[in-house]
Structure formats: structure tokens, C-alpha cells
$ cat model30.cif   # mmCIF, C-alpha atoms and all ligand atoms
data_work
loop_
_atom_site.label_atom_id
_atom_site.label_comp_id
_atom_site.auth_asym_id
_atom_site.auth_seq_id
_atom_site.Cartn_x
_atom_site.Cartn_y
_atom_site.Cartn_z
CA GLN A 41 94.08 92.17 -130.21
CA ILE A 42 91.79 92.16 -133.24
CA LEU A 43 91.39 88.43 -133.72
CA SER A 44 91.75 85.43 -131.50
CA SER A 45 91.52 81.69 -131.84
CA GLY A 46 88.16 80.34 -130.79
CA ALA A 47 87.29 76.95 -129.42
CA ASN A 48 87.06 75.42 -132.86
CA PRO A 49 90.44 75.68 -134.57
CA GLU A 50 89.00 74.54 -137.89
CA ALA A 51 86.73 77.58 -137.93
CA ASN A 52 89.81 79.79 -137.71
CA ALA A 53 91.58 78.07 -140.57
CA PRO A 54 90.03 79.57 -143.66
CA PHE A 55 91.42 76.98 -146.02
CA MET A 56 91.82 73.92 -143.87
CA TYR A 57 90.34 70.71 -145.17
CA ARG A 58 92.44 68.13 -143.45
CA ALA A 59 94.50 68.94 -140.40
CA PHE A 60 98.19 68.54 -140.84
CA SER A 61 100.26 67.06 -138.06
CA SER A 62 103.99 66.83 -137.63
CA ASP A 63 106.15 65.35 -134.88
CA SER A 64 109.11 67.46 -135.80
CA THR A 65 109.68 70.82 -134.13
CA THR A 66 110.62 72.44 -137.44
CA ILE A 67 108.21 72.17 -140.36
CA ARG A 68 109.48 72.25 -143.92
CA ALA A 69 107.41 74.21 -146.40
CA THR A 70 108.02 75.02 -150.07
CA LEU A 71 108.40 78.66 -151.09
CA PHE A 72 108.10 79.89 -154.68
CA PRO A 73 109.13 83.57 -154.62
CA GLY A 74 107.83 83.84 -158.21
CA ASP A 75 108.17 86.74 -160.68
CA GLY A 76 107.75 90.53 -160.69
CA ILE A 77 106.99 91.77 -157.16
CA GLY A 78 107.09 88.11 -155.96
CA PRO A 79 110.66 88.10 -154.59
CA GLU A 80 110.11 91.43 -152.76
CA ILE A 81 106.92 90.33 -151.00
CA ALA A 82 108.32 86.82 -150.32
CA GLU A 83 111.27 88.52 -148.58
CA SER A 84 108.77 90.40 -146.42
CA VAL A 85 107.04 87.13 -145.44
CA LYS A 86 110.36 85.51 -144.55
CA GLU A 87 111.41 88.48 -142.43
CA ILE A 88 108.12 88.67 -140.51
CA PHE A 89 107.92 84.89 -139.98
CA LYS A 90 111.49 84.95 -138.67
CA ALA A 91 110.74 87.85 -136.33
CA ALA A 92 107.71 85.92 -135.01
CA ASP A 93 109.85 82.78 -134.47
CA VAL A 94 107.67 80.67 -136.75
CA PRO A 95 109.19 77.18 -136.77
CA ILE A 96 109.25 76.86 -140.55
CA GLU A 97 112.22 75.99 -142.72
CA TRP A 98 111.62 77.19 -146.28
CA GLU A 99 112.61 75.11 -149.29
CA GLU A 100 112.95 77.87 -151.89
CA HIS A 101 112.38 77.14 -155.55
CA TYR A 102 112.71 79.66 -158.35
CA VAL A 103 111.17 79.20 -161.79
CA GLY A 104 113.81 77.62 -164.05
CA ASP A 105 115.32 79.32 -167.12
CA GLN A 106 114.63 76.42 -169.46
CA ILE A 107 111.82 73.97 -170.02
CA ASP A 108 112.03 70.91 -167.79
CA PRO A 109 110.98 67.97 -169.98
CA ARG A 110 109.34 66.26 -167.01
CA THR A 111 106.96 69.17 -166.36
CA GLN A 112 106.99 70.56 -169.93
CA SER A 113 107.28 74.01 -168.44
CA PHE A 114 109.80 76.30 -166.76
CA LEU A 115 108.80 74.83 -163.42
CA THR A 116 111.37 72.32 -162.28
CA TRP A 117 110.43 68.77 -161.36
CA GLU A 118 112.29 69.24 -158.06
CA SER A 119 110.01 72.14 -157.12
CA LEU A 120 106.89 70.03 -157.67
CA GLU A 121 108.47 67.17 -155.71
CA SER A 122 109.15 69.61 -152.89
CA VAL A 123 105.44 70.54 -152.61
CA ARG A 124 104.40 66.88 -152.83
CA ARG A 125 106.84 65.94 -150.09
CA ASN A 126 106.06 68.86 -147.74
CA GLY A 127 102.31 68.91 -148.45
CA VAL A 128 102.30 72.64 -147.87
CA GLY A 129 103.76 75.71 -149.51
CA LEU A 130 103.53 79.41 -150.28
CA LYS A 131 103.68 80.75 -153.79
CA GLY A 132 104.46 84.22 -155.16
CA PRO A 133 102.86 85.35 -158.42
CA MET A 134 104.14 83.93 -161.69
CA ALA A 135 103.87 85.90 -164.93
CA THR A 136 102.39 84.38 -168.09
CA PRO A 137 103.13 85.89 -171.52
CA ILE A 138 99.92 87.08 -173.22
CA GLY A 139 98.89 85.24 -176.38
CA LYS A 140 102.15 83.34 -176.93
CA GLY A 141 105.01 81.49 -175.29
CA HIS A 142 105.15 78.72 -172.77
CA ARG A 143 102.43 76.91 -170.86
CA SER A 144 101.29 78.99 -167.87
CA LEU A 145 103.30 78.14 -164.78
CA ASN A 146 100.19 78.52 -162.65
CA LEU A 147 98.25 76.09 -164.83
CA THR A 148 101.14 73.63 -164.70
CA LEU A 149 101.20 73.75 -160.91
CA ARG A 150 97.43 73.32 -160.63
CA LYS A 151 97.34 70.44 -163.09
CA GLU A 152 100.48 68.61 -161.93
CA LEU A 153 99.57 68.86 -158.24
CA ASN A 154 95.86 68.42 -158.87
CA LEU A 155 95.04 71.61 -156.96
CA TYR A 156 91.32 71.36 -157.57
CA ALA A 157 89.86 74.10 -155.36
CA ASN A 158 91.07 77.67 -155.07
CA VAL A 159 89.70 79.25 -151.92
CA ARG A 160 89.64 83.06 -151.90
CA PRO A 161 88.35 84.67 -148.71
CA CYS A 162 87.61 88.36 -148.92
CA SER A 163 86.87 90.36 -145.77
CA SER A 164 86.75 94.02 -144.85
CA LEU A 165 89.88 94.94 -142.92
CA PRO A 166 89.20 96.52 -139.54
CA GLY A 167 90.71 99.98 -139.69
CA TYR A 168 90.78 100.33 -143.45
CA LYS A 169 87.71 102.14 -144.73
CA THR A 170 86.11 101.32 -148.07
CA ARG A 171 82.55 101.84 -149.26
CA TYR A 172 81.59 98.69 -147.30
CA ASP A 173 82.56 97.61 -143.82
CA ASP A 174 80.84 94.24 -143.71
CA VAL A 175 82.34 92.23 -146.57
CA ASN A 176 82.85 88.61 -145.56
CA LEU A 177 82.82 86.40 -148.63
CA ILE A 178 84.49 83.18 -149.67
CA THR A 179 84.93 82.51 -153.38
CA ILE A 180 85.65 78.87 -154.19
CA ARG A 181 86.93 78.48 -157.71
CA GLU A 182 87.16 75.21 -159.62
CA ASN A 183 90.83 75.22 -160.47
CA THR A 184 91.62 72.51 -163.01
CA GLU A 185 89.35 72.81 -166.05
CA GLY A 186 86.70 75.06 -167.64
CA GLU A 187 88.11 77.69 -170.01
CA TYR A 188 91.56 77.13 -168.45
CA SER A 189 92.00 73.67 -169.97
CA GLY A 190 94.58 75.09 -172.40
CA LEU A 191 92.83 73.49 -175.40
CA GLU A 192 92.91 76.16 -178.09
CA HIS A 193 93.65 75.89 -181.78
CA GLN A 194 93.14 77.57 -185.14
CA VAL A 195 90.38 75.87 -187.11
CA VAL A 196 91.08 77.72 -190.36
CA ARG A 197 92.78 81.06 -191.01
CA GLY A 198 90.87 83.72 -189.08
CA VAL A 199 88.94 81.25 -186.92
CA VAL A 200 90.15 79.93 -183.58
CA GLU A 201 88.48 77.56 -181.19
CA SER A 202 88.85 77.24 -177.40
CA LEU A 203 87.39 74.30 -175.54
CA LYS A 204 85.68 74.70 -172.19
CA ILE A 205 85.83 71.38 -170.40
CA ILE A 206 83.49 70.65 -167.49
CA THR A 207 83.51 67.19 -165.95
CA ARG A 208 81.19 65.63 -163.44
CA GLN A 209 84.14 64.48 -161.34
CA ALA A 210 85.76 67.94 -160.99
CA SER A 211 82.41 69.69 -160.47
CA LEU A 212 81.31 67.29 -157.73
CA ARG A 213 84.71 67.56 -156.07
CA VAL A 214 84.70 71.36 -155.88
CA ALA A 215 81.02 71.49 -154.87
CA GLU A 216 81.71 68.99 -152.09
CA TYR A 217 84.62 71.15 -150.94
CA ALA A 218 82.41 74.27 -150.91
CA PHE A 219 79.61 72.66 -148.88
CA HIS A 220 82.03 70.98 -146.49
CA TYR A 221 83.74 74.34 -146.07
CA ALA A 222 80.42 76.08 -145.38
CA LYS A 223 79.43 73.46 -142.82
CA THR A 224 82.72 73.42 -140.94
CA HIS A 225 83.14 77.20 -140.94
CA GLY A 226 79.70 78.18 -139.65
CA ARG A 227 78.56 79.53 -143.01
CA GLU A 228 74.87 79.56 -143.91
CA ARG A 229 74.68 79.64 -147.66
CA VAL A 230 76.37 78.41 -150.82
CA SER A 231 75.64 80.23 -154.09
CA ALA A 232 76.54 78.47 -157.33
CA ILE A 233 77.53 81.11 -159.92
CA HIS A 234 76.94 80.21 -163.55
CA LYS A 235 75.86 81.17 -167.06
CA ALA A 236 73.85 78.02 -167.72
CA ASN A 237 71.19 79.98 -169.61
CA ILE A 238 73.77 80.28 -172.42
CA MET A 239 76.36 77.56 -171.60
CA GLN A 240 73.64 75.01 -171.19
CA LYS A 241 75.74 71.86 -171.39
CA THR A 242 78.88 72.94 -169.52
CA ASP A 243 77.50 75.20 -166.81
CA GLY A 244 74.38 73.04 -166.84
CA LEU A 245 76.46 70.05 -165.74
CA PHE A 246 78.25 72.17 -163.15
CA LEU A 247 74.89 73.20 -161.63
CA LYS A 248 73.56 69.66 -161.72
CA CYS A 249 76.55 68.54 -159.65
CA CYS A 250 76.12 71.43 -157.19
CA ARG A 251 72.44 70.47 -156.73
CA GLU A 252 73.40 66.86 -156.07
CA VAL A 253 75.86 67.86 -153.37
CA ALA A 254 73.45 70.45 -151.91
CA GLU A 255 71.00 67.64 -151.13
CA LYS A 256 73.58 66.08 -148.81
CA TYR A 257 73.77 69.33 -146.81
CA PRO A 258 70.16 70.28 -145.93
CA GLU A 259 71.40 72.60 -143.16
CA ILE A 260 73.14 74.84 -145.75
CA LYS A 261 70.95 77.10 -147.93
CA TYR A 262 71.61 76.70 -151.63
CA GLU A 263 70.92 79.12 -154.48
CA GLU A 264 71.96 79.62 -158.09
CA VAL A 265 72.86 83.06 -159.45
CA ILE A 266 73.72 84.01 -163.03
CA ILE A 267 77.20 85.55 -163.15
CA ASP A 268 76.27 88.94 -164.62
CA ASN A 269 73.58 89.46 -162.00
CA CYS A 270 76.02 88.23 -159.35
CA CYS A 271 78.48 91.02 -160.31
CA MET A 272 75.77 93.65 -159.99
CA MET A 273 74.59 92.28 -156.63
CA LEU A 274 78.15 92.09 -155.26
CA VAL A 275 78.86 95.71 -156.11
CA LYS A 276 75.52 96.88 -154.75
CA ASN A 277 75.45 94.83 -151.55
CA PRO A 278 78.16 92.23 -150.88
CA ALA A 279 76.34 91.12 -147.72
CA LEU A 280 73.89 89.28 -149.99
CA PHE A 281 76.49 86.50 -150.40
CA ASP A 282 78.31 84.06 -148.14
CA VAL A 283 80.17 81.18 -149.90
CA LEU A 284 80.27 81.29 -153.70
CA VAL A 285 81.30 78.30 -155.82
CA MET A 286 81.90 78.55 -159.56
CA PRO A 287 83.75 77.31 -162.61
CA ASN A 288 87.34 78.42 -163.19
CA LEU A 289 87.12 81.60 -165.30
CA TYR A 290 84.22 83.08 -163.33
CA GLY A 291 86.17 82.51 -160.09
CA ASP A 292 89.17 84.34 -161.49
CA ILE A 293 87.07 87.39 -162.37
CA ILE A 294 84.73 87.47 -159.37
CA SER A 295 87.58 87.25 -156.87
CA ASP A 296 89.25 90.35 -158.37
CA LEU A 297 85.89 92.12 -158.13
CA CYS A 298 85.67 91.06 -154.47
CA ALA A 299 89.22 92.34 -153.86
CA GLY A 300 88.05 95.73 -155.12
CA LEU A 301 85.32 95.79 -152.47
CA VAL A 302 87.81 95.67 -149.57
CA GLY A 303 90.69 97.82 -150.84
CA GLY A 304 92.31 96.05 -153.75
CA LEU A 305 94.54 93.19 -154.80
CA GLY A 306 97.23 94.08 -152.28
CA LEU A 307 95.00 92.64 -149.54
CA THR A 308 93.41 89.38 -150.68
CA PRO A 309 94.88 85.94 -149.95
CA SER A 310 94.02 82.56 -151.39
CA CYS A 311 94.91 78.92 -151.11
CA ASN A 312 94.96 76.08 -153.64
CA ILE A 313 93.75 72.81 -152.17
CA GLY A 314 94.82 69.55 -153.73
CA GLU A 315 94.07 65.86 -153.47
CA GLY A 316 95.60 64.32 -150.36
CA GLY A 317 95.37 67.60 -148.44
CA ILE A 318 98.11 69.53 -150.28
CA ALA A 319 97.77 73.27 -149.59
CA LEU A 320 99.60 75.82 -151.73
CA ALA A 321 98.77 79.31 -150.51
CA GLU A 322 99.19 82.35 -152.78
CA ALA A 323 97.97 85.91 -153.15
CA VAL A 324 95.07 86.53 -155.56
CA HIS A 325 97.13 89.14 -157.43
CA GLY A 326 99.64 88.67 -160.23
CA SER A 327 103.27 89.75 -160.68
CA ALA A 328 102.40 93.51 -160.93
CA PRO A 329 105.11 94.30 -163.51
CA ASP A 330 104.26 98.03 -163.31
CA ILE A 331 105.68 98.28 -159.77
CA ALA A 332 108.13 95.34 -159.72
CA GLY A 333 111.61 96.03 -158.36
CA LYS A 334 110.55 99.44 -156.95
CA ASN A 335 110.00 98.48 -153.30
CA LEU A 336 106.37 99.63 -153.62
CA ALA A 337 104.40 96.38 -153.43
CA ASN A 338 101.99 95.63 -150.62
CA PRO A 339 102.99 92.27 -149.11
CA THR A 340 99.71 91.89 -147.15
CA ALA A 341 98.01 89.50 -149.59
CA LEU A 342 100.95 87.09 -149.57
CA LEU A 343 101.36 87.50 -145.83
CA LEU A 344 97.71 86.66 -145.17
CA SER A 345 98.13 83.67 -147.49
CA GLY A 346 101.08 82.67 -145.29
CA VAL A 347 98.86 83.14 -142.22
CA SER A 348 96.33 80.71 -143.71
CA MET A 349 99.18 78.25 -144.25
CA LEU A 350 100.06 78.52 -140.56
CA HIS A 351 96.45 77.71 -139.62
CA HIS A 352 96.65 74.72 -141.96
CA LEU A 353 99.73 73.62 -140.03
CA ASN A 354 97.85 74.04 -136.73
CA LEU A 355 100.16 76.92 -135.77
CA HIS A 356 97.14 79.02 -134.78
CA ASP A 357 98.90 81.21 -132.21
CA LYS A 358 101.61 82.23 -134.67
CA ALA A 359 98.97 82.83 -137.33
CA ASP A 360 96.95 85.09 -135.00
CA GLN A 361 100.05 86.94 -133.83
CA ILE A 362 101.11 87.79 -137.40
CA GLN A 363 97.59 88.60 -138.59
CA ASN A 364 97.06 90.98 -135.68
CA ALA A 365 100.38 92.70 -136.38
CA ILE A 366 99.39 93.24 -140.03
CA LEU A 367 95.89 94.49 -139.21
CA ASN A 368 97.10 96.75 -136.40
CA THR A 369 99.79 98.26 -138.65
CA ILE A 370 97.24 99.02 -141.37
CA ALA A 371 94.64 100.30 -138.87
CA GLU A 372 97.17 102.61 -137.23
CA GLY A 373 97.63 104.22 -140.66
CA LYS A 374 101.19 105.49 -140.14
CA TYR A 375 102.76 102.94 -142.44
CA ARG A 376 100.75 102.00 -145.50
CA THR A 377 101.86 101.17 -149.03
CA ALA A 378 100.79 103.32 -152.00
CA ASP A 379 97.89 101.06 -153.05
CA LEU A 380 96.29 101.87 -149.66
CA GLY A 381 96.93 105.58 -150.05
CA GLY A 382 100.16 105.66 -148.03
CA SER A 383 103.76 106.36 -148.95
CA SER A 384 105.62 103.51 -147.22
CA SER A 385 107.97 101.21 -149.07
CA THR A 386 107.53 97.44 -148.87
CA THR A 387 110.51 97.25 -146.54
CA ASP A 388 109.32 100.03 -144.18
CA PHE A 389 105.84 98.49 -144.00
CA THR A 390 107.50 95.13 -143.23
CA LYS A 391 109.54 96.66 -140.40
CA ALA A 392 106.39 98.29 -139.00
CA ILE A 393 104.63 94.91 -138.92
CA CYS A 394 107.63 93.36 -137.15
CA SER A 395 107.43 96.10 -134.52
CA HIS A 396 103.75 95.21 -133.89
CA LEU A 397 104.44 91.49 -133.31
P1 LIG B 401 98.29 92.05 -161.36
O1 LIG B 401 97.50 91.45 -160.28
O2 LIG B 401 99.72 91.67 -161.41
O3 LIG B 401 98.22 93.66 -161.24
C1 LIG B 401 97.00 94.39 -161.37
C2 LIG B 401 97.17 95.77 -160.70
O4 LIG B 401 97.19 95.61 -159.28
C3 LIG B 401 98.47 96.47 -161.07
O5 LIG B 401 98.25 97.85 -161.16
C4 LIG B 401 99.38 96.17 -159.89
O6 LIG B 401 100.39 97.14 -159.67
C5 LIG B 401 98.39 96.10 -158.73
N1 LIG B 401 98.87 95.17 -157.70
C6 LIG B 401 98.81 93.83 -157.75
N2 LIG B 401 99.35 93.30 -156.66
C7 LIG B 401 99.75 94.34 -155.88
C8 LIG B 401 100.39 94.43 -154.61
N3 LIG B 401 100.72 93.35 -153.90
N4 LIG B 401 100.67 95.66 -154.13
C9 LIG B 401 100.33 96.77 -154.80
N5 LIG B 401 99.72 96.74 -156.01
C10 LIG B 401 99.45 95.53 -156.53
O7 LIG B 401 97.56 91.71 -162.73
P2 LIG B 401 98.08 91.83 -164.22
O8 LIG B 401 98.89 93.08 -164.40
O9 LIG B 401 96.89 91.61 -165.04
O10 LIG B 401 99.04 90.57 -164.43
C11 LIG B 401 100.46 90.64 -164.42
C12 LIG B 401 101.04 89.23 -164.63
O11 LIG B 401 100.71 88.40 -163.52
C13 LIG B 401 100.54 88.51 -165.88
O12 LIG B 401 101.62 87.84 -166.48
C14 LIG B 401 99.53 87.49 -165.33
O13 LIG B 401 99.43 86.35 -166.14
C15 LIG B 401 100.17 87.17 -163.99
N6 LIG B 401 99.21 86.67 -162.98
C16 LIG B 401 99.66 85.68 -162.18
C17 LIG B 401 98.85 85.22 -161.16
C18 LIG B 401 99.37 84.13 -160.26
O14 LIG B 401 100.56 83.87 -160.23
N7 LIG B 401 98.51 83.47 -159.52
C19 LIG B 401 97.59 85.79 -160.95
C20 LIG B 401 97.17 86.83 -161.77
C21 LIG B 401 98.00 87.27 -162.79
#

$ encode --input "model30.cif" --output "C-alpha cells"
Amino acid sequence: QILSSGANPEANAPFMYRAFSSDSTTIRATLFPGDGIGPEIAESVKEIFKAADVPIEWEEHYVGDQIDPRTQSFLTWESLESVRRNGVGLKGPMATPIGKGHRSLNLTLRKELNLYANVRPCSSLPGYKTRYDDVNLITIRENTEGEYSGLEHQVVRGVVESLKIITRQASLRVAEYAFHYAKTHGRERVSAIHKANIMQKTDGLFLKCCREVAEKYPEIKYEEVIIDNCCMMLVKNPALFDVLVMPNLYGDIISDLCAGLVGGLGLTPSCNIGEGGIALAEAVHGSAPDIAGKNLANPTALLLSGVSMLHHLNLHDKADQIQNAILNTIAEGKYRTADLGGSSSTTDFTKAICSHL
């Protein structure tokens, strides 16, 4: 047994903000299999959850094939209603065409469901060797604004403009989440990551809000680190950081860098936290079109995202059982997918995890 639940269940729930309770024996959760490798890795999650007797009934929603006027995207209104109703869900990656086409499905979900904080834990896996063996970081990414506000236009021919929006409300909200997270998860330090030396107004406001919140948490150390220096420090010595909070675009980039420290995108989970305690878990990675449909994808990142969802649902024993089976399978080394240097297919790796349950 690699991990076990401690006395404080909240400390074991990497994404939990508000405990979820249900009187029913079966819990309904929304599942978006998504695009590319999404359906293959979602199948793996369903198989392993079933083998572990997890009392979840999935409400599956695929991305639609035409624009739904109520969401103005290919996401159906019913799928958003499903997440709102269930309060919890698991999402596969969704592809976004580069430079043209429809509004990003991920942005639509984040905006429509007000998923304001994206929590991306990144830890060294016992039994899988990388250059570091002590990575234990949490990236908390503001998820609703910044450079991802979708406000871009051509000013005149040859000149385009993109607006970076930072608001006091969204910055305070994500900073509060980060400090609350640090306090309830036994973390010592929050680092605000920024480029306020150049983006004086936008990142300046973000920092101002972080400082305000930091004052409410004197027991948590607070520091500010410029993003370029942060990248260098992370690569040199990830143990220098604990919880990192940052505007949207920086969070997107830094969390991929962190994934690289522990073995790659096949391993890192995340969860989007919304107003009212909505939790939509998803892997950090995208739809991996280069390996889609080939039975090569590593389902670990989505599985660990599913594990975090189980903690959120207070199903700690099931979460621990599945997490241990994943970690033991990887540590044993007999069945690993190609991204971890092995030659197992997604389905063989899935079967191996089931046999470790
Ligand atoms: P990506 O994360 O899909 O892939 C980057 C690299 O990592 C690829 O070589 C891929 O094969 C590998 N990889 C990713 N996940 C893997 C897994 N589970 N197992 C093994 N290898 C894995 O990034 P990309 O290629 O830049 O983006 C592809 C598409 O995904 C784009 O349309 C992008 O917009 C979208 N995307 C979606 C999300 C999301 O839904 N949250 C996140 C990032 C990117």
C-alpha cells in the first residue's frame, strides 16, 4: 500500500473545497469522453471504476456536431445542465482548432460553469524515476480571464489586438482559493507568479489582490516570483516551490513544465473548481491527435483526475484503492505505456491496473 487515508480526509482530497454529501447509494456524475485520445482513456476509467465497484452512474455527454444556440458552441446545453445538476464530473480533452473556427469548448465550459480555479497537483510517482524524486507542487491557475478572455480583433490590416482582462473579483477569488487550499492541506507557502514588471496594470492588480489575501493568512508564507525566473527555478530545483497561484496563461504553461518534471503529460491530473462547489476533473493534457485511435495513450492522468473526483465525493477508500493500483502497476514496470518507456497498449495497461485492485 503506497498511500492511505489519514485522519484528515480534506488533506487527502487534493481539490476539495466543499465536501459533497449524498444520501443516495449511487452517485450520478457527468462524463465528457471528449476528442482524440479522450474516448480511449475514458473507457479505461469506466472499466477500472467498474472493477473497483465504485458506486457512480455516469451521465455521458459527447460534444455535439452543430452549434447549440444556447451555449454558442458545440457543447450541448444538456451537457452543461448535467454538470450543474450533478455538481461533479470528469472531462476528457477537447480539441480546439488553431487560429480559426469555433469558440474553444474548454473556454465555454469554464465560462458557462464559472470554473474559476484550475488546480493542478504535480508529484513524483513512487517507482517511476525522473531527474527529481521529490516534486510535490500545486499549480493553481485562474481559469476565467487573462489572455483567455477570447477578446481578439484586427485593428487594421496587418495589426491585431488581444485583450488581457484581469479583474479584482476573479483575482481575489483565485487567491482566496489558493490560500485556503494551502491552509487546509498542510502547505507552508504560496508563491504568486507574475510578470508585473512589464504587465504593470494587469499583473500588478493580480499581485495586489494576492497580497490582500495573504494578510488574512499570516501562518502561510507568501512570496512573489517573476514567471521567467520561476521557470528556471522549477527546472533547477522544484523543491523551492509549494503552492503556486497565477493568471490563466502562465498557469497553462507552468503546469506543462511541471508535468515534464515528473514524467510527462500522461501523468498529471487537474480539477476545475466552480462557484457553488462544482468540481469538473480533467487531465492536464490535450487530445493528443498524434496517437489518437491507436490504443497507445496513457490513461493515468485522467484516472488520477477521477481519483480526485472520488475524494471530492468523500469516497476516500475507493480513491485510495484505485490510486494504489495505478501506482503499483507503474512501479512494477511490467506494464507501462510508450510515454513511460514501455510497450503496453492502453487496454493492456488498464487490465494490469484492474488486476492490482
Ligand atoms: P497534447 O497535450 O494533446 O499533446 C502533447 C504531447 O503529449 C503529444 O505528443 C501527445 O501525444 C502527448 N500526450 C498527451 N497526452 C498523452 C497521454 N495521455 N498519453 C501519452 N501521450 C500523451 O497537446 P497538443 O498536441 O498541443 O494539443 C492537441 C489538442 O488538444 C489541441 O486542439 C488543443 O487545443 C487541445 N487541448 C485541450 C486541452 C483540454 O481539453 N483541457 C488541453 C490542452 C490542449

$ closest_residue --input "model30.cif" --among "A:Ile393, A:Ile233, A:Val285, A:Leu274" --to "Arg213 (chain A)" --atoms "all atoms listed in the file"
A:Val285

$ closest_residue --input "model30.cif" --among "A:Glu216, A:Asp296, A:Glu100, A:Glu315" --to "Tyr156 (chain A)" --atoms "only C-alpha atoms"
A:Glu315

$ residues_around --input "model30.cif" --residues "Thr308 (chain A)" --least-positions-apart "4" --cutoff "9 Å" --atoms "all atoms listed in the file" --output "list of chain:residue names"
A:Arg160, A:Pro161, A:Cys162, A:Ser163, A:Ser295, A:Asp296, A:Cys298, A:Ala299, A:Val302, A:Gly303, A:Gly304, A:Ala323, A:Val324, A:His325, A:Thr340, A:Ala341, A:Leu342, A:Leu344, A:Ser345

$ closest_residue --input "model30.cif" --among "A:Arg143, A:Lys261, A:Lys223, A:Arg229" --to "Leu191 (chain A)" --atoms "all atoms listed in the file"
A:Arg143

$ residues_near_ligand --input "model30.cif" --ligand "ligand LIG 401 (chain B)" --cutoff "9 Å" --atoms "all atoms listed in the file" --output "PyMOL selection string"
chain A and resi 74-78+81+131-138+144-146+292+296+304-308+322-332+336-342+377-380+386

$ residues_around --input "model30.cif" --residues "Glu152 (chain A)" --least-positions-apart "4" --cutoff "9 Å" --atoms "only C-alpha atoms" --output "PyMOL selection string"
chain A and resi 111+120+147-148

$ closest_residue --input "model30.cif" --among "A:Asn368, A:Gln112, A:Ser383, A:Ser231" --to "Asp282 (chain A)" --atoms "all atoms listed in the file"
A:Ser231

$ atom_distance --input "model30.cif" --atom1 "CA of His396 (chain A)" --atom2 "CA of Leu130 (chain A)"
22.8 Å

$ residues_around --input "model30.cif" --residues "Arg171 (chain A)" --least-positions-apart "3" --cutoff "12 Å" --atoms "all atoms listed in the file" --output "PyMOL selection string"
chain A and resi 164-165+168+174-175+275-278+300-303
